[in-house]
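protein-v1.txt (compact mmCIF, C-alpha atoms) appears below.
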# COMPACT_ATOMS: atom_id res chain seq x y z
CA MET A 843 86.43 133.84 123.42
CA TRP A 844 90.19 133.72 124.05
CA VAL A 845 90.51 137.42 123.20
CA GLU A 846 87.67 138.33 125.59
CA CYS A 847 89.45 136.52 128.39
CA LYS A 848 92.64 138.46 127.70
CA VAL A 849 90.70 141.73 127.83
CA LEU A 850 89.21 140.80 131.17
CA GLU A 851 92.65 139.98 132.51
CA ALA A 852 94.03 143.34 131.41
CA GLY A 853 91.12 145.25 132.89
CA CYS A 854 91.09 143.60 136.28
CA GLY A 855 93.53 144.42 139.08
CA GLY A 856 94.28 143.47 142.64
CA ARG A 857 94.63 140.17 144.32
CA ARG A 858 90.91 139.48 144.30
CA ARG A 859 90.54 140.28 140.59
CA SER A 860 93.71 138.30 139.76
CA LEU A 861 92.17 135.27 141.40
CA ARG A 862 89.01 135.82 139.41
CA SER A 863 90.95 136.10 136.10
CA THR A 864 92.80 132.90 136.92
CA VAL A 865 89.47 131.12 137.38
CA MET A 866 88.22 132.49 134.06
CA ARG A 867 91.44 131.61 132.23
CA LEU A 868 90.92 127.90 132.91
CA PRO A 869 87.54 127.57 131.16
CA CYS A 870 88.74 129.78 128.27
CA SER A 871 91.75 127.54 127.69
CA PHE A 872 89.54 124.50 127.91
CA TRP A 873 87.06 125.81 125.34
CA PHE A 874 89.83 126.90 123.01
CA LEU A 875 91.42 123.45 123.03
CA LEU A 876 88.01 121.82 122.66
CA LEU A 877 87.17 123.93 119.61
CA LEU A 878 90.60 123.23 118.12
CA GLY A 879 90.14 119.48 118.55
CA ALA A 880 86.63 119.58 117.10
CA GLY A 881 87.90 121.47 114.08
CA GLY A 882 90.58 118.85 113.51
CA LEU A 883 88.05 116.03 113.69
CA LEU A 884 85.79 117.87 111.26
CA LEU A 885 88.62 118.28 108.75
CA LEU A 886 89.44 114.57 108.95
CA HIS A 887 85.79 113.69 108.44
CA LEU A 888 85.50 116.00 105.43
CA GLN A 889 88.66 114.54 103.92
CA ASP A 890 87.31 110.99 104.24
CA LEU A 891 83.93 112.09 102.86
CA THR A 892 85.63 113.77 99.90
CA GLU A 893 87.59 110.61 99.15
CA THR A 894 84.41 108.53 99.26
CA LEU A 895 82.53 110.89 96.97
CA GLN A 896 85.37 110.93 94.49
CA GLN A 897 85.37 107.14 94.42
CA GLN A 898 81.62 106.89 93.93
CA ASN A 899 81.51 109.47 91.18
CA GLN A 900 84.16 108.04 88.92
CA GLY A 901 81.64 106.02 86.93
CA ALA A 902 81.18 108.77 84.39
CA LYS A 903 80.05 107.99 80.90
CA VAL A 904 82.84 107.02 78.55
CA ILE A 905 82.86 108.16 74.96
CA PHE A 906 85.41 107.29 72.28
CA SER A 907 85.39 109.67 69.40
CA GLN A 908 88.33 108.20 67.51
CA VAL A 909 89.59 104.73 66.70
CA HIS A 910 92.84 105.22 68.63
CA ALA A 911 91.49 107.44 71.41
CA ILE A 912 92.94 106.89 74.84
CA ARG A 913 90.42 105.79 77.44
CA LYS A 914 89.28 108.69 79.60
CA GLU A 915 87.70 106.63 82.37
CA PRO A 916 89.80 106.68 85.56
CA CYS A 917 91.45 103.33 86.17
CA PRO A 918 93.10 102.51 89.52
CA TYR A 919 94.77 99.48 88.04
CA CYS A 920 96.48 101.35 85.22
CA PRO A 921 97.41 104.84 86.47
CA ASP A 922 98.99 105.82 83.19
CA ASN A 923 95.73 104.95 81.38
CA ASN A 924 97.69 103.30 78.58
CA ARG A 925 97.42 99.66 77.65
CA GLN A 926 100.27 98.19 75.69
CA THR A 927 99.19 95.14 73.72
CA ASP A 928 100.84 92.83 71.27
CA PRO A 929 99.79 94.22 67.86
CA THR A 930 99.95 90.78 66.28
CA GLU A 931 97.33 89.25 68.54
CA ASP A 932 93.78 89.36 67.19
CA ASN A 933 93.61 92.94 65.96
CA PHE A 934 90.20 94.00 64.69
CA PRO A 935 89.01 97.35 63.39
CA ARG A 936 87.24 99.34 66.08
CA SER A 937 84.25 101.48 65.22
CA ALA A 938 84.32 105.07 66.41
CA GLN A 939 80.70 105.23 67.56
CA PRO A 940 79.90 104.70 71.25
CA VAL A 941 77.14 102.32 72.25
CA GLN A 942 74.42 103.40 74.69
CA LEU A 943 72.76 100.31 76.14
CA PRO A 944 69.65 100.17 78.32
CA VAL A 945 69.36 98.21 81.54
CA PHE A 946 68.56 94.67 80.44
CA PRO A 947 66.53 92.01 82.29
CA TRP A 948 69.51 89.69 82.63
CA VAL A 949 68.99 86.06 83.45
CA GLN A 950 68.50 85.66 87.23
CA ARG A 951 69.57 89.23 87.88
CA SER A 952 68.26 90.87 91.02
CA SER A 953 65.99 93.79 90.20
CA GLN A 954 67.48 95.75 93.08
CA ILE A 955 70.97 95.89 91.58
CA ASN A 956 72.04 98.44 89.03
CA PRO A 957 75.75 97.63 88.69
CA LYS A 958 78.49 99.75 87.23
CA ASP A 959 82.03 98.99 86.21
CA ILE A 960 83.88 97.53 89.23
CA THR A 961 87.12 99.25 88.26
CA ALA A 962 85.72 102.76 88.42
CA ALA A 963 87.17 103.55 91.84
CA HIS A 964 90.07 102.79 94.14
CA VAL A 965 89.56 100.33 96.98
CA THR A 966 90.35 101.58 100.46
CA LYS A 967 90.51 99.78 103.80
CA SER A 968 87.17 101.32 104.79
CA HIS A 969 85.59 99.83 101.65
CA ARG A 970 86.93 96.40 102.60
CA LYS A 971 85.39 96.63 106.06
CA LEU A 972 82.09 97.75 104.55
CA LEU A 973 82.05 94.88 102.06
CA LEU A 974 82.71 92.29 104.73
CA LYS A 975 79.96 93.54 107.08
CA SER A 976 77.24 91.87 105.03
CA GLY A 977 76.20 88.50 106.43
CA LEU A 978 75.21 87.28 102.96
CA LEU A 979 78.59 88.25 101.57
CA VAL A 980 80.49 86.53 104.38
CA GLN A 981 78.37 83.43 103.89
CA GLN A 982 79.08 83.33 100.17
CA LEU A 983 82.80 83.84 100.62
CA ASN A 984 82.90 80.23 101.77
CA ALA A 985 80.33 78.93 99.32
CA ASP A 986 82.73 77.75 96.61
CA PRO A 987 85.78 76.02 98.11
CA PRO A 988 88.40 75.40 95.37
CA GLY A 989 88.93 71.84 94.23
CA GLN A 990 85.69 70.45 95.70
CA ILE A 991 83.43 70.63 92.65
CA LYS A 992 82.14 67.23 91.55
CA GLU A 993 80.66 66.11 88.24
CA ASN A 994 77.10 66.70 89.31
CA PRO A 995 74.91 68.97 87.16
CA GLU A 996 72.84 70.11 90.12
CA GLN A 997 75.89 70.91 92.18
CA LEU A 998 77.54 72.73 89.28
CA SER A 999 74.35 74.75 88.82
CA GLN A 1000 74.34 75.67 92.50
CA VAL A 1001 78.00 76.71 92.27
CA GLN A 1002 77.11 79.03 89.41
CA LEU A 1003 74.24 80.58 91.35
CA SER A 1004 76.51 81.09 94.34
CA ARG A 1005 79.21 82.77 92.24
CA GLN A 1006 76.68 85.04 90.56
CA ARG A 1007 75.16 86.05 93.90
CA LEU A 1008 78.57 86.85 95.31
CA MET A 1009 79.57 88.88 92.26
CA ARG A 1010 76.33 90.87 92.35
CA GLU A 1011 76.57 91.38 96.10
CA VAL A 1012 80.06 92.84 95.77
CA CYS A 1013 79.01 94.96 92.80
CA ALA A 1014 75.94 96.28 94.60
CA LYS A 1015 77.85 97.22 97.75
CA TYR A 1016 80.90 98.62 96.02
CA THR A 1017 79.21 100.68 93.32
CA SER A 1018 76.51 103.31 93.39
CA GLY A 1019 73.29 102.31 91.67
CA SER A 1020 72.06 105.87 91.27
CA THR A 1021 73.70 106.51 87.90
CA LYS A 1022 73.50 104.35 84.81
CA GLN A 1023 76.77 103.88 83.00
CA THR A 1024 77.19 103.91 79.28
CA ILE A 1025 78.51 100.67 77.80
CA THR A 1026 81.03 101.46 75.11
CA ARG A 1027 82.82 99.30 72.58
CA MET A 1028 85.81 99.32 74.89
CA HIS A 1029 83.79 97.39 77.49
CA VAL A 1030 83.01 94.58 75.02
CA SER A 1031 86.27 94.62 73.07
CA ARG A 1032 87.57 91.42 74.75
CA ILE A 1033 84.37 89.44 74.09
CA PHE A 1034 84.29 86.82 71.32
CA VAL A 1035 81.02 85.91 69.61
CA GLU A 1036 79.76 82.47 68.56
CA ASP A 1037 76.40 83.04 66.90
CA LYS A 1038 75.33 79.44 66.22
CA HIS A 1039 75.13 78.54 69.90
CA LYS A 1040 74.56 82.12 71.09
CA LEU A 1041 77.69 82.34 73.18
CA LEU A 1042 79.70 85.39 74.30
CA TYR A 1043 83.11 84.59 75.78
CA CYS A 1044 85.25 87.23 77.48
CA GLU A 1045 88.91 86.47 76.92
CA VAL A 1046 91.04 86.39 80.08
CA PRO A 1047 94.65 85.59 79.09
CA LYS A 1048 96.41 82.85 81.08
CA ALA A 1049 93.07 81.34 82.10
CA GLY A 1050 92.58 78.84 79.26
CA CYS A 1051 91.72 81.41 76.59
CA SER A 1052 93.70 79.71 73.77
CA ASN A 1053 91.79 76.46 74.17
CA TRP A 1054 88.53 78.37 74.50
CA LYS A 1055 89.24 80.00 71.13
CA ARG A 1056 89.78 76.53 69.68
CA VAL A 1057 86.42 75.46 71.05
CA LEU A 1058 84.73 78.51 69.54
CA MET A 1059 86.31 77.75 66.16
CA VAL A 1060 84.94 74.20 66.26
CA LEU A 1061 81.50 75.46 67.29
CA GLN A 1062 81.55 77.80 64.30
CA GLY A 1063 82.46 74.96 61.94
CA LEU A 1064 85.93 76.32 61.18
CA ALA A 1065 87.58 73.06 62.30
CA SER A 1066 86.45 69.52 63.04
CA SER A 1067 88.41 69.17 66.28
CA THR A 1068 90.39 71.34 68.66
CA GLY A 1069 93.53 69.21 68.33
CA GLU A 1070 94.12 70.20 64.71
CA ILE A 1071 94.21 73.97 65.38
CA GLN A 1072 97.73 75.34 65.84
CA HIS A 1073 98.69 78.20 68.17
CA ASP A 1074 99.36 80.72 65.39
CA GLU A 1075 96.02 79.90 63.77
CA VAL A 1076 94.27 80.54 67.09
CA HIS A 1077 95.86 83.92 67.82
CA TYR A 1078 96.81 85.32 64.43
CA GLY A 1079 94.20 83.82 62.10
CA ASN A 1080 91.49 86.37 62.96
CA HIS A 1081 88.77 83.75 62.48
CA LEU A 1082 86.65 84.77 65.45
CA LYS A 1083 84.45 87.84 65.65
CA ARG A 1084 84.53 90.22 68.56
CA LEU A 1085 81.41 91.82 69.94
CA ASP A 1086 82.66 95.35 69.24
CA SER A 1087 82.84 94.55 65.50
CA PHE A 1088 79.03 94.60 65.30
CA ASP A 1089 76.84 97.66 64.99
CA GLN A 1090 74.92 99.05 67.93
CA ASN A 1091 71.82 96.95 67.39
CA GLY A 1092 73.91 93.82 66.98
CA ILE A 1093 75.71 94.45 70.25
CA ILE A 1094 72.47 95.16 72.13
CA HIS A 1095 70.75 92.07 70.73
CA ARG A 1096 73.59 89.73 71.65
CA LEU A 1097 74.05 91.13 75.14
CA LYS A 1098 70.32 90.63 75.77
CA THR A 1099 69.91 87.14 74.38
CA TYR A 1100 73.28 85.30 74.37
CA THR A 1101 74.95 83.41 77.22
CA LYS A 1102 77.75 85.59 78.58
CA VAL A 1103 80.70 83.52 79.79
CA LEU A 1104 83.72 84.43 81.89
CA PHE A 1105 86.56 82.09 82.90
CA LEU A 1106 89.21 83.37 85.29
CA ARG A 1107 92.11 82.25 87.48
CA GLU A 1108 93.64 82.87 90.90
CA PRO A 1109 95.12 86.38 90.37
CA PHE A 1110 98.67 85.79 91.67
CA GLU A 1111 98.91 82.48 89.82
CA ARG A 1112 97.74 84.11 86.61
CA LEU A 1113 100.28 86.90 87.10
CA VAL A 1114 103.19 84.47 87.58
CA SER A 1115 102.02 82.44 84.58
CA ALA A 1116 102.08 85.57 82.42
CA PHE A 1117 105.54 86.55 83.67
CA ARG A 1118 107.01 83.11 82.97
CA ASP A 1119 105.47 82.99 79.51
CA LYS A 1120 106.40 86.50 78.38
CA PHE A 1121 109.74 87.12 80.10
CA GLU A 1122 111.38 83.77 80.83
CA SER A 1123 110.84 82.40 77.33
CA PRO A 1124 112.11 83.95 74.08
CA ASN A 1125 109.64 86.56 72.90
CA SER A 1126 110.15 89.00 70.05
CA TYR A 1127 107.48 91.38 71.32
CA TYR A 1128 107.51 91.48 75.13
CA HIS A 1129 111.28 91.58 75.54
CA PRO A 1130 111.87 94.74 73.46
CA VAL A 1131 108.55 96.47 74.19
CA PHE A 1132 108.32 95.75 77.92
CA GLY A 1133 111.67 94.31 78.94
CA LYS A 1134 113.85 97.16 77.73
CA PRO A 1135 112.02 100.00 79.56
CA ILE A 1136 111.62 97.85 82.70
CA ILE A 1137 115.32 97.06 82.89
CA SER A 1138 116.24 100.65 82.05
CA LYS A 1139 114.17 102.06 84.92
CA TYR A 1140 114.44 99.48 87.68
CA ARG A 1141 117.89 97.90 87.27
CA SER A 1142 121.01 99.72 88.36
CA ASN A 1143 124.21 98.94 86.47
CA ALA A 1144 122.33 97.12 83.71
CA THR A 1145 124.50 95.63 80.98
CA GLN A 1146 124.38 96.95 77.44
CA TYR A 1147 123.05 93.58 76.28
CA ALA A 1148 120.12 93.75 78.70
CA LEU A 1149 119.35 97.34 77.74
CA ARG A 1150 119.55 96.47 74.05
CA THR A 1151 117.49 93.25 74.09
CA GLY A 1152 115.22 93.58 77.14
CA ALA A 1153 115.92 89.95 78.03
CA GLY A 1154 116.29 88.73 81.59
CA VAL A 1155 113.66 90.80 83.44
CA THR A 1156 113.43 89.56 87.03
CA PHE A 1157 110.13 88.99 88.79
CA LYS A 1158 110.92 91.72 91.32
CA GLU A 1159 111.56 94.20 88.48
CA PHE A 1160 108.31 93.12 86.85
CA ILE A 1161 106.37 93.77 90.08
CA GLN A 1162 108.06 97.17 90.43
CA TYR A 1163 106.78 98.04 86.96
CA LEU A 1164 103.29 96.71 87.71
CA LEU A 1165 102.90 98.78 90.88
CA ASP A 1166 104.53 101.95 89.57
CA VAL A 1167 102.08 104.84 89.12
CA HIS A 1168 104.47 106.17 86.46
CA ARG A 1169 105.11 103.01 84.47
CA PRO A 1170 107.69 103.30 81.71
CA VAL A 1171 105.37 101.25 79.47
CA GLY A 1172 101.61 100.73 79.58
CA MET A 1173 99.34 97.97 80.87
CA ASP A 1174 98.89 94.63 79.10
CA ILE A 1175 95.89 92.30 78.96
CA HIS A 1176 97.92 89.32 80.23
CA TRP A 1177 98.18 90.82 83.73
CA GLU A 1178 95.34 93.31 83.71
CA PRO A 1179 92.73 92.59 86.43
CA VAL A 1180 89.63 90.71 85.29
CA GLY A 1181 87.41 93.45 86.71
CA HIS A 1182 88.86 95.82 84.15
CA LEU A 1183 89.18 93.39 81.24
CA CYS A 1184 85.62 92.06 81.27
CA SER A 1185 83.60 94.63 83.30
CA PRO A 1186 81.65 91.99 85.28
CA CYS A 1187 79.60 94.52 87.26
CA LEU A 1188 78.49 96.19 84.07
CA LEU A 1189 77.78 93.13 81.91
CA ASP A 1190 76.63 90.66 84.62
CA TYR A 1191 77.90 87.34 83.25
CA ASP A 1192 75.62 84.30 83.14
CA PHE A 1193 78.41 81.75 83.66
CA ILE A 1194 81.52 82.28 85.80
CA GLY A 1195 84.07 79.51 85.37
CA LYS A 1196 87.41 78.99 87.09
CA PHE A 1197 90.71 77.75 85.75
CA GLU A 1198 91.14 75.51 88.78
CA THR A 1199 88.20 73.36 87.59
CA LEU A 1200 88.40 74.39 83.94
CA GLU A 1201 87.70 71.16 82.04
CA GLU A 1202 84.80 70.06 84.20
CA GLU A 1203 83.04 73.42 84.16
CA ALA A 1204 83.76 74.07 80.48
CA ASN A 1205 82.28 70.71 79.49
CA PHE A 1206 79.26 71.39 81.70
CA LEU A 1207 78.75 74.67 79.86
CA LEU A 1208 79.17 73.06 76.43
CA ARG A 1209 76.48 70.50 77.22
CA SER A 1210 74.14 73.22 78.50
CA ILE A 1211 74.37 75.26 75.26
CA GLY A 1212 73.80 72.23 73.03
CA ALA A 1213 77.33 71.79 71.68
CA PRO A 1214 78.11 68.57 69.75
CA SER A 1215 78.45 65.63 72.10
CA ASN A 1216 81.90 64.76 70.75
CA LEU A 1217 83.28 68.23 71.55
CA THR A 1218 85.08 68.40 74.87
CA PHE A 1219 87.36 71.02 76.27
CA PRO A 1220 91.01 70.31 75.38
CA SER A 1221 93.53 69.78 78.15
CA PHE A 1222 96.82 70.30 76.33
CA LYS A 1223 99.17 73.16 77.16
CA ASP A 1224 99.25 75.69 74.36
CA ARG A 1225 102.66 77.37 74.76
CA ASN A 1226 105.90 75.91 76.08
CA PRO A 1227 104.36 72.42 76.43
CA ASN A 1228 107.47 71.04 78.11
CA ALA A 1229 107.46 73.65 80.87
CA GLU A 1230 105.74 72.86 84.14
CA ARG A 1231 102.33 74.47 84.41
CA THR A 1232 102.23 77.36 86.87
CA SER A 1233 100.85 76.06 90.15
CA LEU A 1234 100.23 77.47 93.60
CA GLU A 1235 103.59 76.16 94.78
CA ILE A 1236 105.43 77.80 91.87
CA THR A 1237 103.52 81.02 92.51
CA ARG A 1238 104.63 81.05 96.14
CA ARG A 1239 108.27 80.61 95.11
CA TYR A 1240 108.10 83.68 92.88
CA PHE A 1241 106.37 85.83 95.48
CA ALA A 1242 108.92 84.78 98.07
CA GLN A 1243 111.33 87.02 96.14
CA LEU A 1244 109.30 90.06 97.24
CA ASN A 1245 109.16 91.80 100.58
CA VAL A 1246 105.98 92.10 102.65
CA THR A 1247 105.14 95.56 101.32
CA GLU A 1248 105.45 94.49 97.68
CA ARG A 1249 103.25 91.46 98.26
CA GLN A 1250 100.64 93.61 99.99
CA ARG A 1251 100.61 96.16 97.18
CA ALA A 1252 100.28 93.39 94.60
CA TYR A 1253 97.35 91.98 96.57
CA ASP A 1254 95.76 95.45 96.66
CA PHE A 1255 96.20 95.65 92.89
CA TYR A 1256 94.08 92.52 92.40
CA TYR A 1257 91.92 92.92 95.51
CA MET A 1258 88.56 93.21 93.75
CA ASP A 1259 89.30 90.07 91.71
CA TYR A 1260 90.04 88.21 94.95
CA LEU A 1261 86.89 89.47 96.63
CA MET A 1262 84.42 89.26 93.75
CA PHE A 1263 85.42 85.76 92.65
CA ASN A 1264 85.96 84.21 96.09
CA TYR A 1265 89.70 83.55 96.12
CA SER A 1266 91.44 83.25 99.47
CA LYS A 1267 94.33 85.45 100.51
CA PRO A 1268 97.50 83.78 99.13
CA PHE A 1269 99.65 84.80 102.14
CA LYS A 1270 98.74 84.99 105.81
CA ASP A 1271 100.50 88.32 106.35
CA LEU A 1272 98.19 90.12 103.90
CA TYR A 1273 95.30 92.24 105.11

If you took the structure in this file and wrote it as structure tokens, what would it be?
Amino acid sequence: MWVECKVLEAGCGGRRRSLRSTVMRLPCSFWFLLLLGAGGLLLLHLQDLTETLQQQNQGAKVIFSQVHAIRKEPCPYCPDNNRQTDPTEDNFPRSAQPVQLPVFPWVQRSSQINPKDITAAHVTKSHRKLLLKSGLLVQQLNADPPGQIKENPEQLSQVQLSRQRLMREVCAKYTSGSTKQTITRMHVSRIFVEDKHKLLYCEVPKAGCSNWKRVLMVLQGLASSTGEIQHDEVHYGNHLKRLDSFDQNGIIHRLKTYTKVLFLREPFERLVSAFRDKFESPNSYYHPVFGKPIISKYRSNATQYALRTGAGVTFKEFIQYLLDVHRPVGMDIHWEPVGHLCSPCLLDYDFIGKFETLEEEANFLLRSIGAPSNLTFPSFKDRNPNAERTSLEITRRYFAQLNVTERQRAYDFYYMDYLMFNYSKPFKDLY
């Protein structure tokens, strides 16, 4: 159209024709700019659509052909796709065969939801707006205020129903139900099995997992009380079975018929608790394996002692490592998001407990599964008993060492845990 206008201008002469060409030049320029603007808007729309499709199609089937194969499923929380874990903690042989599970009629599960792994895509601002548009979701975000749970079986049951509804609502809105996802042994590798009372417990470090392992050992008859089980016996004794140690039929049967339990903690508080435990106390594994590469990459003018021992990692350096897409060392279960550790959208847990009301909810669960009446959840601190337990106030002091951008990125890292499990934003300046 622009070229045609130029031709008309060249072929027309005289004052009268010049006036006519001027009149024609105006609409040509207008249409050219209009088409250019429309093309730009179309490109932006296609880019956003491409991003959305990529996010929705990351739930591909995952197959592990070797015992030590690296996970091929995209993981926004661990860009290097490597998880570094303490080799002395509860190592079990992993079978090489993948497990294909059908869609089960889970207890109280909505028939309209076909969830997939919540960690299969990256969360964008547009996703957040979409998630918060649902009236049901907004209503449930305020359904479980922390610290207001009373010892009332009916109220505790209602809290559980509310948490399950919220989790399923988030899963249904965030994931695409059009494609079934294969459950592999990796998805159930953090789940401990207690066959006598038909209990499956997904281990979330720094959320009472050591005492939960003690409880499972007592339920299995391996000890008469939780107080007599030492820390090393809990973590290094290898007394408890994991779900991925069973064959395919055994895994399917237990997922269909056992009570699946998940206990978690406020994400920032859990993160600070892990940092204090692994980096501020002597540790023969985390200092050399994590501390040395962290100090080497993020500390300028590091001393030879720090480079040699890995001791003295600061919280700011730790956060730099956590948020780095090119981490010098892989992810660890102690600060890995719960959505990736336990795959709640894929396994649909029957009981969702919180560290903030741990003893009350754990004892409620024990009574509901028929545990011995003299068995109660222990309250003692497992490691560093003389150190003050990580609280909200302590967590705020650590995060005060970060700038606004670092806090926001850390919140983005754990965003799905905050949303799915109804935790409030820890700082007002977060979005």

Report task. List the neighbours of range 1146-1149 of chain A out to 12 Å using only C-alpha atoms; skip same-chain residues closer than 2 positions along the sequence, and give me the result as a ChimeraX atom specification. Result -> /A:1129-1144,1151-1156

Keeping only C-alpha atoms, take the residues you just selected and write them out as a compact mmCIF listing (two decimals), in the coordinates of the input.
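This is the output file out31.txt:
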# COMPACT_ATOMS: atom_id res chain seq x y z
CA HIS A 1129 111.28 91.58 75.54
CA PRO A 1130 111.87 94.74 73.46
CA VAL A 1131 108.55 96.47 74.19
CA PHE A 1132 108.32 95.75 77.92
CA GLY A 1133 111.67 94.31 78.94
CA LYS A 1134 113.85 97.16 77.73
CA PRO A 1135 112.02 100.00 79.56
CA ILE A 1136 111.62 97.85 82.70
CA ILE A 1137 115.32 97.06 82.89
CA SER A 1138 116.24 100.65 82.05
CA LYS A 1139 114.17 102.06 84.92
CA TYR A 1140 114.44 99.48 87.68
CA ARG A 1141 117.89 97.90 87.27
CA SER A 1142 121.01 99.72 88.36
CA ASN A 1143 124.21 98.94 86.47
CA ALA A 1144 122.33 97.12 83.71
CA THR A 1151 117.49 93.25 74.09
CA GLY A 1152 115.22 93.58 77.14
CA ALA A 1153 115.92 89.95 78.03
CA GLY A 1154 116.29 88.73 81.59
CA VAL A 1155 113.66 90.80 83.44
CA THR A 1156 113.43 89.56 87.03

Requested in this report: Tell me, in Å to one decimal, how far CA of Gly1092 in chain A is from CA of Ser1031 in chain A.
Outcome: 13.8 Å

Query raised in the report: Which neighbours of Asn1053 in chain A fall inside 8 Å, counting only C-alpha atoms, when residues of the same chain fewer than 4 positions from it are skipped, and could you give them as a PyMOL selection string?
Result: chain A and resi 1057+1068+1219-1221+1224

Requested in this report: Would you work out the distance separating CA of Ala1252 in chain A from CA of Pro1170 in chain A, expressed in Å to one decimal?
Outcome: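 One can read the CA of Ala1252 in chain A to CA of Pro1170 in chain A distance as 17.9 Å.
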
Query raised in the report: Interatomic distance between CA of Val1035 in chain A and CA of Leu1082 in chain A?
Result: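 If I compute the distance from CA of Val1035 in chain A to CA of Leu1082 in chain A, I get 7.1 Å.
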
**Report entry** Using only C-alpha atoms: which of A:Gln1023, A:Thr1218, A:Thr1101, A:Thr1232 has the shortest distance to Ser1185 in chain A
**Finding:**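 Distance minimum relative to Ser1185 in chain A lands on A:Gln1023.
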
Query raised in the report: Which residues come within 6 Å of range 1041-1048 of chain A, counting all atoms listed in the file, excluding same-chain residues fewer than 2 positions away, as a ChimeraX atom specification?
Result: /A:1032-1036,1039,1050-1051,1100-1104,1112,1176

For the residues in the current selection, export C-alpha atoms as a tab-separated table (two decimals), in the frame of the given file.
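Wrote it out as again29.tsv, contents follow:
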chain	number	residue	atom	x	y	z
A	1032	ARG	CA	87.57	91.42	74.75
A	1033	ILE	CA	84.37	89.44	74.09
A	1034	PHE	CA	84.29	86.82	71.32
A	1035	VAL	CA	81.02	85.91	69.61
A	1036	GLU	CA	79.76	82.47	68.56
A	1039	HIS	CA	75.13	78.54	69.90
A	1050	GLY	CA	92.58	78.84	79.26
A	1051	CYS	CA	91.72	81.41	76.59
A	1100	TYR	CA	73.28	85.30	74.37
A	1101	THR	CA	74.95	83.41	77.22
A	1102	LYS	CA	77.75	85.59	78.58
A	1103	VAL	CA	80.70	83.52	79.79
A	1104	LEU	CA	83.72	84.43	81.89
A	1112	ARG	CA	97.74	84.11	86.61
A	1176	HIS	CA	97.92	89.32	80.23

Query - Distance criterion (all atoms listed in the file): nearest to Ile1211 in chain A out of A:Pro1186, A:Tyr1016, A:Leu1003, A:Leu1061 - result: A:Leu1061

I'd like the contact shell of range 1195-1199 of chain A - 7 Å cut-off, all atoms listed in the file, skipping same-chain residues fewer than 4 positions apart - returned as a PDB file with C-alpha atoms, keeping the file's coordinate frame.
ATOM      1  CA  GLY A 989      88.930  71.840  94.230  1.00  0.00           C
ATOM      2  CA  ALA A1049      93.070  81.340  82.100  1.00  0.00           C
ATOM      3  CA  GLY A1050      92.580  78.840  79.260  1.00  0.00           C
ATOM      4  CA  LEU A1104      83.720  84.430  81.890  1.00  0.00           C
ATOM      5  CA  PHE A1105      86.560  82.090  82.900  1.00  0.00           C
ATOM      6  CA  LEU A1106      89.210  83.370  85.290  1.00  0.00           C
ATOM      7  CA  ARG A1107      92.110  82.250  87.480  1.00  0.00           C
ATOM      8  CA  GLU A1203      83.040  73.420  84.160  1.00  0.00           C
TER       9      GLU A1203
END

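In this comparison, which uses only C-alpha atoms, the residue of A:Lys1083, A:Tyr1256, A:Lys1038, A:Ile1071 approaching His1182 in chain A most closely is A:Tyr1256.
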
Which residues of range 1076-1179 of chain A come within 9 Å of range 1257-1268 of chain A, and for each one, what is the closest pair of atoms and their distance in Å to one decimal, counting all atoms listed in the file, sorted by chain and residue number, as a tab-separated table?
residue	atom	partner	partner_atom	distance
A:Leu1106	CA	A:Phe1263	CA	8.6
A:Glu1108	CA	A:Tyr1265	CA	6.6
A:Pro1109	CA	A:Asp1259	CA	7.0
A:Phe1110	CA	A:Pro1268	CA	7.8
A:Pro1179	CA	A:Asp1259	CA	6.8

Query - Selected residue, from A:Leu1113, A:Cys1187, A:Leu877, A:Leu1234, that lies nearest to Lys1015 in chain A when counting all atoms listed in the file - result: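 Between A:Leu1113, A:Cys1187, A:Leu877, A:Leu1234, the residue approaching Lys1015 in chain A most closely is A:Cys1187.
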